file model22.pdb (PDB, C-alpha atoms and all ligand atoms)
ATOM      1  CA  MET A   1     -51.619  14.533 -23.416
ATOM      2  CA  ASN A   2     -48.174  13.100 -22.804
ATOM      3  CA  ASN A   3     -45.888  15.111 -25.074
ATOM      4  CA  ALA A   4     -42.126  15.059 -25.215
ATOM      5  CA  SER A   5     -42.005  18.821 -25.172
ATOM      6  CA  ALA A   6     -44.116  20.937 -22.902
ATOM      7  CA  ALA A   7     -47.478  21.939 -24.311
ATOM      8  CA  PRO A   8     -47.534  25.540 -25.458
ATOM      9  CA  ALA A   9     -49.490  28.100 -23.505
ATOM     10  CA  PRO A  10     -52.997  28.120 -24.946
ATOM     11  CA  ALA A  11     -53.076  30.784 -27.629
ATOM     12  CA  ARG A  12     -56.524  30.327 -29.065
ATOM     13  CA  ASP A  13     -56.813  32.144 -32.379
ATOM     14  CA  ARG A  14     -53.600  34.019 -31.673
ATOM     15  CA  ALA A  15     -51.120  31.626 -33.257
ATOM     16  CA  PRO A  16     -48.806  33.501 -35.614
ATOM     17  CA  GLY A  17     -49.397  32.755 -39.295
ATOM     18  CA  ARG A  18     -50.998  29.527 -40.371
ATOM     19  CA  VAL A  19     -51.135  26.513 -38.062
ATOM     20  CA  TRP A  20     -49.518  23.382 -39.560
ATOM     21  CA  LEU A  21     -49.807  19.808 -38.323
ATOM     22  CA  ILE A  22     -47.108  17.630 -39.903
ATOM     23  CA  THR A  23     -46.522  13.877 -39.520
ATOM     24  CA  GLY A  24     -43.108  12.243 -39.745
ATOM     25  CA  ALA A  25     -41.369  15.548 -39.080
ATOM     26  CA  SER A  26     -38.219  13.962 -37.646
ATOM     27  CA  SER A  27     -36.391  13.909 -40.990
ATOM     28  CA  GLY A  28     -36.526  14.367 -44.752
ATOM     29  CA  PHE A  29     -39.528  16.115 -46.275
ATOM     30  CA  GLY A  30     -41.395  16.402 -42.967
ATOM     31  CA  ARG A  31     -38.554  18.261 -41.345
ATOM     32  CA  ALA A  32     -37.969  20.425 -44.442
ATOM     33  CA  ILE A  33     -41.655  21.383 -44.636
ATOM     34  CA  ALA A  34     -41.687  22.233 -40.918
ATOM     35  CA  GLU A  35     -38.611  24.454 -41.347
ATOM     36  CA  ALA A  36     -40.087  26.170 -44.432
ATOM     37  CA  ALA A  37     -43.361  26.873 -42.624
ATOM     38  CA  LEU A  38     -41.497  28.280 -39.619
ATOM     39  CA  ALA A  39     -39.317  30.411 -41.904
ATOM     40  CA  ALA A  40     -42.541  31.787 -43.412
ATOM     41  CA  GLY A  41     -43.640  32.921 -39.928
ATOM     42  CA  ASP A  42     -46.161  30.143 -39.378
ATOM     43  CA  THR A  43     -46.848  27.941 -36.357
ATOM     44  CA  VAL A  44     -45.964  24.238 -36.544
ATOM     45  CA  VAL A  45     -47.083  21.200 -34.583
ATOM     46  CA  ALA A  46     -44.373  18.792 -35.684
ATOM     47  CA  THR A  47     -45.205  15.194 -34.904
ATOM     48  CA  ALA A  48     -42.802  12.267 -34.805
ATOM     49  CA  ARG A  49     -42.488   8.815 -33.306
ATOM     50  CA  ARG A  50     -39.541  10.122 -31.268
ATOM     51  CA  PRO A  51     -40.212  13.847 -30.823
ATOM     52  CA  ASP A  52     -36.972  14.381 -28.875
ATOM     53  CA  VAL A  53     -35.187  14.573 -32.259
ATOM     54  CA  LEU A  54     -37.124  17.794 -32.884
ATOM     55  CA  GLU A  55     -35.736  19.532 -29.806
ATOM     56  CA  ASP A  56     -33.504  21.848 -31.861
ATOM     57  CA  LEU A  57     -36.417  22.920 -34.053
ATOM     58  CA  VAL A  58     -38.549  23.747 -31.018
ATOM     59  CA  ALA A  59     -35.636  25.498 -29.277
ATOM     60  CA  ALA A  60     -35.131  27.710 -32.354
ATOM     61  CA  HIS A  61     -38.823  28.721 -32.433
ATOM     62  CA  PRO A  62     -40.148  28.207 -28.905
ATOM     63  CA  ASP A  63     -43.193  30.408 -29.501
ATOM     64  CA  ARG A  64     -44.213  28.830 -32.827
ATOM     65  CA  ALA A  65     -43.075  25.187 -32.808
ATOM     66  CA  VAL A  66     -44.081  22.267 -30.669
ATOM     67  CA  ALA A  67     -43.021  18.628 -30.976
ATOM     68  CA  VAL A  68     -45.635  15.987 -30.307
ATOM     69  CA  GLN A  69     -45.327  12.215 -30.185
ATOM     70  CA  LEU A  70     -47.340  10.484 -32.902
ATOM     71  CA  ASP A  71     -47.023   7.135 -34.597
ATOM     72  CA  VAL A  72     -49.522   7.556 -37.424
ATOM     73  CA  THR A  73     -50.508   3.898 -37.260
ATOM     74  CA  ASP A  74     -51.901   4.658 -33.790
ATOM     75  CA  THR A  75     -55.182   5.983 -35.146
ATOM     76  CA  ALA A  76     -56.700   6.426 -31.678
ATOM     77  CA  ARG A  77     -53.954   8.887 -30.787
ATOM     78  CA  ILE A  78     -54.452  10.875 -33.987
ATOM     79  CA  ALA A  79     -57.757  12.259 -32.702
ATOM     80  CA  ALA A  80     -56.075  13.322 -29.442
ATOM     81  CA  VAL A  81     -53.256  15.134 -31.266
ATOM     82  CA  VAL A  82     -55.752  17.005 -33.452
ATOM     83  CA  ALA A  83     -57.877  17.911 -30.418
ATOM     84  CA  ASP A  84     -54.816  19.238 -28.565
ATOM     85  CA  THR A  85     -53.673  21.278 -31.567
ATOM     86  CA  VAL A  86     -57.077  22.915 -31.832
ATOM     87  CA  LEU A  87     -57.135  23.485 -28.061
ATOM     88  CA  TRP A  88     -53.712  25.168 -28.152
ATOM     89  CA  TYR A  89     -54.002  27.186 -31.339
ATOM     90  CA  GLY A  90     -57.717  27.377 -32.078
ATOM     91  CA  ARG A  91     -57.420  25.914 -35.584
ATOM     92  CA  ILE A  92     -55.473  23.792 -38.071
ATOM     93  CA  ASP A  93     -54.808  25.489 -41.396
ATOM     94  CA  VAL A  94     -52.570  22.923 -43.087
ATOM     95  CA  VAL A  95     -52.256  19.225 -42.366
ATOM     96  CA  VAL A  96     -49.405  17.281 -43.979
ATOM     97  CA  ASN A  97     -49.668  13.507 -44.213
ATOM     98  CA  ASN A  98     -45.978  12.908 -44.739
ATOM     99  CA  ALA A  99     -44.851   9.938 -42.603
ATOM    100  CA  GLY A 100     -43.841   6.991 -44.724
ATOM    101  CA  MET A 101     -41.269   4.444 -45.703
ATOM    102  CA  GLY A 102     -40.124   2.447 -48.725
ATOM    103  CA  LEU A 103     -40.755  -1.198 -49.485
ATOM    104  CA  VAL A 104     -38.987  -3.145 -52.233
ATOM    105  CA  GLY A 105     -40.076  -6.594 -53.377
ATOM    106  CA  ALA A 106     -41.807  -8.351 -56.236
ATOM    107  CA  VAL A 107     -45.506  -8.900 -55.625
ATOM    108  CA  GLU A 108     -44.849 -12.603 -55.037
ATOM    109  CA  GLU A 109     -42.072 -11.787 -52.568
ATOM    110  CA  THR A 110     -44.160  -9.358 -50.516
ATOM    111  CA  SER A 111     -46.066 -10.766 -47.557
ATOM    112  CA  ASP A 112     -49.599  -9.972 -46.533
ATOM    113  CA  ARG A 113     -48.234  -8.503 -43.308
ATOM    114  CA  GLU A 114     -45.851  -6.174 -45.158
ATOM    115  CA  LEU A 115     -48.699  -4.949 -47.363
ATOM    116  CA  ARG A 116     -51.038  -4.384 -44.420
ATOM    117  CA  GLU A 117     -48.402  -2.569 -42.358
ATOM    118  CA  LEU A 118     -47.628  -0.217 -45.228
ATOM    119  CA  MET A 119     -51.328   0.390 -45.852
ATOM    120  CA  ASP A 120     -51.659   1.326 -42.172
ATOM    121  CA  LEU A 121     -48.826   3.832 -42.557
ATOM    122  CA  HIS A 122     -49.624   5.324 -45.977
ATOM    123  CA  PHE A 123     -53.410   4.996 -46.130
ATOM    124  CA  PHE A 124     -55.339   4.257 -42.911
ATOM    125  CA  GLY A 125     -53.273   6.668 -40.777
ATOM    126  CA  PRO A 126     -53.613   9.546 -43.264
ATOM    127  CA  ALA A 127     -57.328   8.794 -43.739
ATOM    128  CA  ALA A 128     -57.855   8.934 -39.962
ATOM    129  CA  LEU A 129     -55.957  12.210 -39.726
ATOM    130  CA  VAL A 130     -58.016  13.728 -42.540
ATOM    131  CA  ARG A 131     -61.249  12.636 -40.841
ATOM    132  CA  ALA A 132     -60.077  14.199 -37.573
ATOM    133  CA  VAL A 133     -59.098  17.596 -39.032
ATOM    134  CA  LEU A 134     -61.945  18.102 -41.494
ATOM    135  CA  PRO A 135     -64.635  19.125 -38.982
ATOM    136  CA  HIS A 136     -62.330  21.946 -37.803
ATOM    137  CA  MET A 137     -61.433  23.034 -41.343
ATOM    138  CA  ARG A 138     -65.069  22.930 -42.460
ATOM    139  CA  ARG A 139     -66.045  25.053 -39.454
ATOM    140  CA  ALA A 140     -63.341  27.557 -40.436
ATOM    141  CA  GLY A 141     -64.391  27.410 -44.095
ATOM    142  CA  SER A 142     -60.750  27.025 -45.125
ATOM    143  CA  GLY A 143     -57.733  24.744 -44.910
ATOM    144  CA  ALA A 144     -55.330  22.620 -46.906
ATOM    145  CA  VAL A 145     -54.589  18.897 -46.866
ATOM    146  CA  VAL A 146     -51.163  17.940 -48.225
ATOM    147  CA  GLN A 147     -50.759  14.254 -49.066
ATOM    148  CA  MET A 148     -47.181  13.090 -49.592
ATOM    149  CA  SER A 149     -47.594  10.503 -52.286
ATOM    150  CA  SER A 150     -44.839   9.661 -54.765
ATOM    151  CA  MET A 151     -44.245   9.435 -58.481
ATOM    152  CA  GLY A 152     -44.897   5.800 -57.570
ATOM    153  CA  GLY A 153     -48.433   6.890 -56.714
ATOM    154  CA  ARG A 154     -49.050   7.740 -60.373
ATOM    155  CA  PHE A 155     -47.184   4.956 -62.175
ATOM    156  CA  THR A 156     -45.186   1.950 -61.065
ATOM    157  CA  PHE A 157     -42.504  -0.540 -62.056
ATOM    158  CA  PRO A 158     -41.152  -3.932 -60.935
ATOM    159  CA  GLY A 159     -40.203  -4.153 -57.277
ATOM    160  CA  VAL A 160     -42.398  -1.371 -55.949
ATOM    161  CA  GLY A 161     -45.888  -2.786 -56.464
ATOM    162  CA  GLY A 162     -46.672  -2.916 -52.739
ATOM    163  CA  TYR A 163     -45.363   0.607 -52.137
ATOM    164  CA  SER A 164     -47.227   1.948 -55.164
ATOM    165  CA  ALA A 165     -50.445   0.216 -54.104
ATOM    166  CA  THR A 166     -50.469   2.216 -50.876
ATOM    167  CA  LYS A 167     -49.763   5.502 -52.664
ATOM    168  CA  PHE A 168     -52.324   4.785 -55.412
ATOM    169  CA  ALA A 169     -54.834   4.174 -52.605
ATOM    170  CA  LEU A 170     -53.932   7.485 -50.986
ATOM    171  CA  GLU A 171     -54.246   9.289 -54.334
ATOM    172  CA  GLY A 172     -57.649   7.747 -55.081
ATOM    173  CA  LEU A 173     -58.977   8.792 -51.704
ATOM    174  CA  SER A 174     -57.489  12.257 -52.094
ATOM    175  CA  GLU A 175     -58.885  12.916 -55.568
ATOM    176  CA  ALA A 176     -62.426  12.243 -54.335
ATOM    177  CA  LEU A 177     -61.709  14.184 -51.147
ATOM    178  CA  ALA A 178     -60.619  17.237 -53.132
ATOM    179  CA  ALA A 179     -63.967  17.427 -54.902
ATOM    180  CA  GLU A 180     -65.867  16.856 -51.651
ATOM    181  CA  VAL A 181     -64.146  19.569 -49.640
ATOM    182  CA  ALA A 182     -63.641  22.238 -52.338
ATOM    183  CA  PRO A 183     -67.123  23.697 -51.634
ATOM    184  CA  HIS A 184     -65.988  24.111 -47.998
ATOM    185  CA  GLY A 185     -62.980  26.189 -49.022
ATOM    186  CA  ILE A 186     -60.496  23.373 -48.392
ATOM    187  CA  LYS A 187     -57.669  22.524 -50.819
ATOM    188  CA  VAL A 188     -56.097  19.110 -51.363
ATOM    189  CA  LEU A 189     -52.554  18.904 -52.721
ATOM    190  CA  ILE A 190     -51.122  15.498 -53.658
ATOM    191  CA  VAL A 191     -47.325  15.701 -53.841
ATOM    192  CA  GLU A 192     -45.525  13.204 -56.101
ATOM    193  CA  PRO A 193     -41.767  13.358 -55.484
ATOM    194  CA  GLY A 194     -39.230  11.494 -57.538
ATOM    195  CA  SER A 195     -35.944  10.554 -55.938
ATOM    196  CA  PHE A 196     -35.039  12.991 -53.142
ATOM    197  CA  ARG A 197     -32.119  13.050 -50.718
ATOM    198  CA  THR A 198     -33.914  12.202 -47.473
ATOM    199  CA  GLY A 199     -33.613   9.249 -45.115
ATOM    200  CA  PHE A 200     -35.970   7.267 -47.388
ATOM    201  CA  ALA A 201     -33.483   5.019 -49.209
ATOM    202  CA  GLY A 202     -31.068   4.559 -46.339
ATOM    203  CA  GLY A 203     -30.591   2.258 -43.388
ATOM    204  CA  GLY A 204     -33.670   1.091 -41.565
ATOM    205  CA  ALA A 205     -36.104   3.330 -43.462
ATOM    206  CA  LEU A 206     -36.264   1.019 -46.489
ATOM    207  CA  ARG A 207     -37.788  -2.427 -46.135
ATOM    208  CA  ARG A 208     -36.829  -5.191 -48.531
ATOM    209  CA  SER A 209     -38.866  -8.386 -48.771
ATOM    210  CA  PRO A 210     -36.850 -11.645 -48.932
ATOM    211  CA  ALA A 211     -35.719 -12.172 -52.545
ATOM    212  CA  LEU A 212     -36.736 -15.020 -54.849
ATOM    213  CA  PRO A 213     -34.213 -15.891 -57.623
ATOM    214  CA  ALA A 214     -37.095 -15.795 -60.148
ATOM    215  CA  TYR A 215     -37.227 -12.001 -59.836
ATOM    216  CA  GLU A 216     -33.512 -11.292 -59.928
ATOM    217  CA  GLN A 217     -33.717  -9.849 -63.440
ATOM    218  CA  THR A 218     -36.754  -7.601 -62.965
ATOM    219  CA  VAL A 219     -36.544  -6.608 -59.298
ATOM    220  CA  GLY A 220     -32.823  -7.139 -58.585
ATOM    221  CA  PRO A 221     -31.721  -3.761 -59.976
ATOM    222  CA  VAL A 222     -34.276  -1.898 -57.811
ATOM    223  CA  ARG A 223     -33.364  -3.980 -54.754
ATOM    224  CA  THR A 224     -29.761  -2.789 -54.977
ATOM    225  CA  GLY A 225     -30.266   0.486 -56.847
ATOM    226  CA  LEU A 226     -32.532   2.158 -54.329
ATOM    227  CA  PRO A 227     -30.233   1.750 -51.306
ATOM    228  CA  ASP A 228     -27.240   2.601 -53.525
ATOM    229  CA  SER A 229     -28.898   5.917 -54.377
ATOM    230  CA  ASP A 230     -28.851   6.983 -50.729
ATOM    231  CA  GLY A 231     -27.110  10.336 -50.349
ATOM    232  CA  LYS A 232     -26.769  10.761 -54.130
ATOM    233  CA  GLN A 233     -30.377  11.538 -55.093
ATOM    234  CA  GLU A 234     -30.874  14.581 -57.305
ATOM    235  CA  GLY A 235     -33.851  15.977 -55.357
ATOM    236  CA  ASP A 236     -33.342  18.600 -52.636
ATOM    237  CA  PRO A 237     -35.974  18.324 -49.864
ATOM    238  CA  ASP A 238     -35.684  22.037 -49.021
ATOM    239  CA  ARG A 239     -36.558  22.950 -52.611
ATOM    240  CA  ALA A 240     -39.409  20.453 -52.476
ATOM    241  CA  ALA A 241     -40.739  22.161 -49.356
ATOM    242  CA  ALA A 242     -40.485  25.555 -51.074
ATOM    243  CA  ALA A 243     -42.392  24.174 -54.085
ATOM    244  CA  ILE A 244     -45.135  22.868 -51.786
ATOM    245  CA  LEU A 245     -45.505  26.273 -50.122
ATOM    246  CA  THR A 246     -45.626  27.928 -53.564
ATOM    247  CA  ALA A 247     -48.345  25.524 -54.751
ATOM    248  CA  LEU A 248     -50.395  26.074 -51.594
ATOM    249  CA  ALA A 249     -50.141  29.839 -51.949
ATOM    250  CA  ALA A 250     -51.389  29.765 -55.544
ATOM    251  CA  GLU A 251     -54.988  30.632 -56.307
ATOM    252  CA  ASP A 252     -55.190  27.516 -58.490
ATOM    253  CA  THR A 253     -53.383  24.989 -56.309
ATOM    254  CA  PRO A 254     -52.897  21.856 -58.414
ATOM    255  CA  LEU A 255     -54.456  18.604 -57.272
ATOM    256  CA  ARG A 256     -51.215  16.788 -58.112
ATOM    257  CA  LEU A 257     -47.688  18.181 -58.074
ATOM    258  CA  PRO A 258     -44.846  15.958 -59.346
ATOM    259  CA  LEU A 259     -41.473  17.028 -57.944
ATOM    260  CA  GLY A 260     -38.136  16.538 -59.694
ATOM    261  CA  ASN A 261     -37.119  15.851 -63.299
ATOM    262  CA  ASP A 262     -37.563  12.098 -62.826
ATOM    263  CA  ALA A 263     -41.125  12.499 -61.517
ATOM    264  CA  THR A 264     -42.044  15.060 -64.179
ATOM    265  CA  ASP A 265     -40.648  12.950 -67.039
ATOM    266  CA  GLY A 266     -42.140   9.762 -65.595
ATOM    267  CA  VAL A 267     -45.627  11.206 -65.116
ATOM    268  CA  LEU A 268     -45.628  12.705 -68.625
ATOM    269  CA  ALA A 269     -44.498   9.386 -70.168
ATOM    270  CA  SER A 270     -47.078   7.476 -68.169
ATOM    271  CA  LEU A 271     -49.896   9.827 -69.220
ATOM    272  CA  GLU A 272     -48.848   9.503 -72.831
ATOM    273  CA  SER A 273     -48.677   5.718 -72.793
ATOM    274  CA  SER A 274     -52.033   5.474 -70.936
ATOM    275  CA  ARG A 275     -53.605   7.685 -73.589
ATOM    276  CA  ASP A 276     -52.039   5.679 -76.420
ATOM    277  CA  GLU A 277     -53.362   2.452 -74.935
ATOM    278  CA  VAL A 278     -56.905   3.787 -74.494
ATOM    279  CA  LEU A 279     -56.892   5.038 -78.089
ATOM    280  CA  ALA A 280     -55.485   1.748 -79.446
ATOM    281  CA  TRP A 281     -58.338  -0.173 -77.786
ATOM    282  CA  GLU A 282     -60.997   2.500 -78.053
ATOM    283  CA  LYS A 283     -63.158   0.560 -80.513
ATOM    284  CA  VAL A 284     -63.232  -2.510 -78.268
ATOM    285  CA  SER A 285     -63.856  -0.399 -75.191
ATOM    286  CA  ARG A 286     -66.764   1.443 -76.780
ATOM    287  CA  GLY A 287     -68.299  -1.675 -78.290
ATOM    288  CA  THR A 288     -69.460  -3.175 -75.006
ATOM    289  CA  GLY A 289     -72.914  -1.578 -74.715
ATOM    290  CA  PHE A 290     -76.133  -3.575 -75.340
ATOM    291  CA  ASN A 291     -76.444  -1.725 -78.622
ATOM    292  CA  GLY A 292     -72.891  -2.580 -79.650
TER     293      GLY A 292
HETATM  294  P1  LIG A 301     -37.490   9.909 -44.345
HETATM  295  O1  LIG A 301     -37.115   8.488 -44.074
HETATM  296  O2  LIG A 301     -36.446  10.949 -44.262
HETATM  297  O3  LIG A 301     -38.717  10.343 -43.453
HETATM  298  C1  LIG A 301     -39.776   9.492 -43.200
HETATM  299  C2  LIG A 301     -40.457   9.978 -41.973
HETATM  300  O4  LIG A 301     -41.613   9.156 -41.715
HETATM  301  C3  LIG A 301     -39.568   9.899 -40.740
HETATM  302  O5  LIG A 301     -39.787  11.061 -39.983
HETATM  303  C4  LIG A 301     -40.106   8.671 -40.015
HETATM  304  O6  LIG A 301     -39.955   8.743 -38.609
HETATM  305  C5  LIG A 301     -41.559   8.805 -40.348
HETATM  306  N1  LIG A 301     -42.316   7.601 -40.034
HETATM  307  C6  LIG A 301     -42.156   6.341 -40.509
HETATM  308  N2  LIG A 301     -43.060   5.516 -39.951
HETATM  309  C7  LIG A 301     -43.819   6.284 -39.129
HETATM  310  C8  LIG A 301     -44.924   6.033 -38.275
HETATM  311  N3  LIG A 301     -45.447   4.797 -38.153
HETATM  312  N4  LIG A 301     -45.467   7.077 -37.587
HETATM  313  C9  LIG A 301     -44.956   8.310 -37.705
HETATM  314  N5  LIG A 301     -43.895   8.608 -38.463
HETATM  315  C10 LIG A 301     -43.346   7.602 -39.165
HETATM  316  O7  LIG A 301     -38.097   9.878 -45.839
HETATM  317  P2  LIG A 301     -38.891  10.993 -46.665
HETATM  318  O8  LIG A 301     -38.809  12.303 -46.022
HETATM  319  O9  LIG A 301     -38.426  10.861 -48.043
HETATM  320  O10 LIG A 301     -40.371  10.413 -46.582
HETATM  321  C11 LIG A 301     -41.491  11.252 -46.413
HETATM  322  C12 LIG A 301     -42.563  10.876 -47.405
HETATM  323  O11 LIG A 301     -42.099  11.108 -48.726
HETATM  324  C13 LIG A 301     -42.998   9.413 -47.349
HETATM  325  O12 LIG A 301     -44.405   9.347 -47.346
HETATM  326  C14 LIG A 301     -42.416   8.824 -48.621
HETATM  327  O13 LIG A 301     -43.180   7.742 -49.097
HETATM  328  C15 LIG A 301     -42.459  10.020 -49.550
HETATM  329  N6  LIG A 301     -41.568   9.944 -50.710
HETATM  330  C16 LIG A 301     -40.207  10.021 -50.582
HETATM  331  C17 LIG A 301     -39.409   9.976 -51.713
HETATM  332  C18 LIG A 301     -37.939  10.139 -51.649
HETATM  333  O14 LIG A 301     -37.242   9.882 -52.636
HETATM  334  N7  LIG A 301     -37.360  10.593 -50.563
HETATM  335  C19 LIG A 301     -39.966   9.780 -53.054
HETATM  336  C20 LIG A 301     -41.397   9.721 -53.068
HETATM  337  C21 LIG A 301     -42.151   9.799 -51.938
HETATM  338  P3  LIG A 301     -38.806   7.972 -37.774
HETATM  339  O15 LIG A 301     -37.711   8.968 -37.667
HETATM  340  O16 LIG A 301     -39.484   7.678 -36.480
HETATM  341  O17 LIG A 301     -38.449   6.727 -38.539
END
call {"tool": "encode", "arguments": {"input": "model22.pdb", "output": "structure tokens", "more": "lines below"}}
Ligand code: NDP
result
Amino acid sequence: MNNASAAPAPARDRAPGRVWLITGASSGFGRAIAEAALAAGDTVVATARRPDVLEDLVAAHPDRAVAVQLDVTDTARIAAVVADTVLWYGRIDVVVNNAGMGLVGAVEETSDRELRELMDLHFFGPAALVRAVLPHMRRAGSGAVVQMSSMGGRFTFPGVGGYSATKFALEGLSEALAAEVAPHGIKVLIVEPGSFRTGFAGGGALRRSPALPAYEQTVGPVRTGLPDSDGKQEGDPDRAAAAILTALAAEDTPLRLPLGNDATDGVLASLESSRDEVLAWEKVSRGTGFNG
């Protein structure tokens, strides 16, 4: 395979610690998770669209880190990256579907193309990666799948409907997946960060659909607020990475892990209002059987 860094010497079943395969490791959470795994003594296959940006990481851990080129929307290449990882290290213990980007726009402002491209990135790519790693994890009888969702994968608000749709899709797939693979000794952890200081809200990472004046009041504040938050977000990606490692190490790894005060408060409020709504309409809901 054509990697930016040289392939490691084959070390079948001799890789130190757990073997991680991480997407979007060039910055933000992906990079922080890679660093945390390496600090824990594990082996990391860090993938990125431009793996040269990971040169320092590989140079610091030449025996346990390798950078591999992967655009997660290139689903054909995903299988090759998984095959190479297994060839080099004999197994994959943890896969992290992390690569992603933001999209702001009212539903009416968001194009079909924007929706499809984000689904490719946040749903079809991760689904392909999960399909590729599962046979190896099932054979090993162990493994963990980490899905970087968002608090926007649990509840949503004006301006992020398209983004949330992709994360809701990922969460739906992952919830079913968790129940399917638990008997094979495989864990699924859905991570739901709030606002964290990564590259997410800055520069080219955030897409904004062309604005319609009709949505100035509802979507306008998000359209300006999200980029304005860049560099000022409360969340620390290194602490997020540590929390992910803690959750994975637990006997009872949660299916979903909100991260940050905003995500925790938002998820709790959303659960409460969902419950209130179901209870308020319970009689109508229950009265729809043939027997009333
Ligand atoms: P960053 O912008 O710092 O990192 C995003 C990463 O995804 C980059 O490495 C980027 O690579 C990569 N990426 C984007 N498109 C592709 C692609 N097609 N193939 C491979 N890699 C790609 O942001 P975060 O670290 O915050 O984002 C990571 C995840 O966290 C995302 O899934 C995001 O939705 C989620 N998240 C982030 C939140 C936050 O506040 N930061 C909140 C909730 C969820 P490149 O360098 O090539 O652009």
call {"tool": "closest_residue", "arguments": {"input": "model22.pdb", "among": "A:Glu277, A:Asp236, A:Glu272, A:Glu192", "to": "ligand LIG 301 (chain A)", "atoms": "all atoms listed in the file"}}
result
A:Glu192
call {"tool": "residues_near_point", "arguments": {"input": "model22.pdb", "point": "(-44.4, 26.9, -32.7)", "cutoff": "10 Å", "atoms": "all atoms listed in the file", "output": "PDB file with C-alpha atoms, in the frame of the given file"}}
result
ATOM      1  CA  PRO A   8     -47.534  25.540 -25.458  1.00  0.00           C
ATOM      2  CA  ALA A  15     -51.120  31.626 -33.257  1.00  0.00           C
ATOM      3  CA  PRO A  16     -48.806  33.501 -35.614  1.00  0.00           C
ATOM      4  CA  VAL A  19     -51.135  26.513 -38.062  1.00  0.00           C
ATOM      5  CA  TRP A  20     -49.518  23.382 -39.560  1.00  0.00           C
ATOM      6  CA  ALA A  34     -41.687  22.233 -40.918  1.00  0.00           C
ATOM      7  CA  ALA A  37     -43.361  26.873 -42.624  1.00  0.00           C
ATOM      8  CA  LEU A  38     -41.497  28.280 -39.619  1.00  0.00           C
ATOM      9  CA  GLY A  41     -43.640  32.921 -39.928  1.00  0.00           C
ATOM     10  CA  ASP A  42     -46.161  30.143 -39.378  1.00  0.00           C
ATOM     11  CA  THR A  43     -46.848  27.941 -36.357  1.00  0.00           C
ATOM     12  CA  VAL A  44     -45.964  24.238 -36.544  1.00  0.00           C
ATOM     13  CA  VAL A  45     -47.083  21.200 -34.583  1.00  0.00           C
ATOM     14  CA  ALA A  46     -44.373  18.792 -35.684  1.00  0.00           C
ATOM     15  CA  LEU A  57     -36.417  22.920 -34.053  1.00  0.00           C
ATOM     16  CA  VAL A  58     -38.549  23.747 -31.018  1.00  0.00           C
ATOM     17  CA  ALA A  59     -35.636  25.498 -29.277  1.00  0.00           C
ATOM     18  CA  ALA A  60     -35.131  27.710 -32.354  1.00  0.00           C
ATOM     19  CA  HIS A  61     -38.823  28.721 -32.433  1.00  0.00           C
ATOM     20  CA  PRO A  62     -40.148  28.207 -28.905  1.00  0.00           C
ATOM     21  CA  ASP A  63     -43.193  30.408 -29.501  1.00  0.00           C
ATOM     22  CA  ARG A  64     -44.213  28.830 -32.827  1.00  0.00           C
ATOM     23  CA  ALA A  65     -43.075  25.187 -32.808  1.00  0.00           C
ATOM     24  CA  VAL A  66     -44.081  22.267 -30.669  1.00  0.00           C
ATOM     25  CA  ALA A  67     -43.021  18.628 -30.976  1.00  0.00           C
ATOM     26  CA  TYR A  89     -54.002  27.186 -31.339  1.00  0.00           C
TER      27      TYR A  89
END
call {"tool": "atom_distance", "arguments": {"input": "model22.pdb", "atom1": "atom O8 of ligand LIG 301 (chain A)", "atom2": "CA of Met119 (chain A)"}}
result
17.3 Å
call {"tool": "closest_residue", "arguments": {"input": "model22.pdb", "among": "A:Asp112, A:Glu175, A:Asp230, A:Asp71", "to": "ligand LIG 301 (chain A)", "atoms": "all atoms listed in the file"}}
result
A:Asp71
call {"tool": "residues_near_ligand", "arguments": {"input": "model22.pdb", "ligand": "ligand LIG 301 (chain A)", "cutoff": "7 Å", "atoms": "only C-alpha atoms and all ligand atoms", "output": "PyMOL selection string"}}
result
chain A and resi 23-30+48-50+70-73+98-102+121-122+148-152+192-201+205
call {"tool": "atom_distance", "arguments": {"input": "model22.pdb", "atom1": "CA of Gly161 (chain A)", "atom2": "CA of Ser229 (chain A)"}}
result
19.2 Å
